[in-house]
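Chemist: Right, I'll just put the structure down here and ask away after.
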Amino acid sequence: MVQALNVLAQPQPALPSDEAIAQFCLQHDPSPTSVGVSFPLPQGGSVWVKFVELASAQIFHEFEKDGVVYIVMEEIEGETVEQLEGFDVAIERIGRALDEFIRIPPPEGEALGPIDGGVIEHPMFPDVQAATRYESKKALGDHITGIFKLTRDNLNVDFEEDARIIWPADFHDAKFKFVGDKVYWFDYRNVNVLPESFKIHDLIRNSRYWIARNLGRTYLGLHLTTKSDEVNGAPLPYLSRQTGRTTANAVAIQRASLRLWTGGTSSLCLPNAETD
């Protein structure tokens, strides 16, 4: 399945059909890992088309019984992370797929959380679920700032310059399978619209998943305890994007998570909470 992603221009030009774009791309460069091709427009000029093989298993049925969610989906016969030629191959392929994934524009508006609405599902929060819905980046930032006032942490957070991205928080190696050039990513729980600083946190500050840690080392050039300008892999346009502010925010997210999980009081879990 070839997906034309991130064909952007201001103002947006009149484009031919998706089928015409896909056919042109495959004729001029059939590799699904291509950096892209220049697509000439009928009215003159051109646009750049980035395309890649991304795939997900088809979901047939989902239900809940006795507090357990059951998902019946297509069974994919492919290689697991352990069955690939090496872990570095897995990191490279997952990294490229993730770089494409986060280019998908989030829903319009300012709200954070799952694409279909609701509260954020992320390990920052106890039980991996926020206690309230955040209608903007500022609302989440104000809550974290409020936590630091209560705990007297000398940290600050500012998501104003962060892009809103669609971001997955679960990088367990069992979530991935590889079929030819396709990367299948299973289980889209804990996928949210979040400030981009969460990307930095989850790939650098979060030590839960070795895949996340190695993505951070390879494409962000940062480690859990040290900072370096060296990037071990070729930088990717979106996955490797970072600033001093997003890195500082990532530190603040980690501290806020620690306070929320160990605070022992519900006042830390809700914004605008006040204590004596």
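By convention in this document, the chains of the structure tokens carry letters A, B, ... by their order, each chain's residues are numbered from 1, and ligands are numbered from 1 in the order they are shown.
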Tell me which protein, DNA and RNA residues are within 9 Å of Glu135 (chain A), counting only C-alpha atoms, leaving out same-chain ones fewer than 2 positions away, and put them as a PyMOL selection string.
Modeler: chain A and resi 109-113+133+137-140
Chemist: When distances are computed from only C-alpha atoms, which of A:Leu150, A:Leu239, A:Ile165, A:Val179 shows the smallest separation from Gly95 (chain A)?
Modeler: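 Nearest candidate to Gly95 (chain A) out of A:Leu150, A:Leu239, A:Ile165, A:Val179: A:Leu239.
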Chemist: Taking the DSSP secondary structure from the backbone, can you list the residues of region 49-177 of chain A that are strand (DSSP E or B), as a PyMOL selection string?
Modeler: chain A and resi 49-55+59-65+68-73+79+113+164-168+176-177
Chemist: Select from region 12-220 of chain A everything DSSP, run on the backbone, classes as helix (DSSP H, G or I), then give the selection as a PyMOL selection string.
Modeler: chain A and resi 18-28+81-83+87-101+126-128+137-151+173-175+197-205+210-219
Chemist: I'd like to know which of A:Glu92, A:Asp142, A:Glu108, A:Glu121 is closest to Thr218 (chain A), using only C-alpha atoms.
Modeler: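 Under the stated criterion, the closest residue is A:Glu92.
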Chemist: Please determine, counting only C-alpha atoms, which residue among A:Val68, A:Ile94, A:Val193, A:Ala57 has the shortest atom-to-atom distance to Val81 (chain A).
Modeler: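 Selected residue with least distance to Val81 (chain A): A:Ile94.
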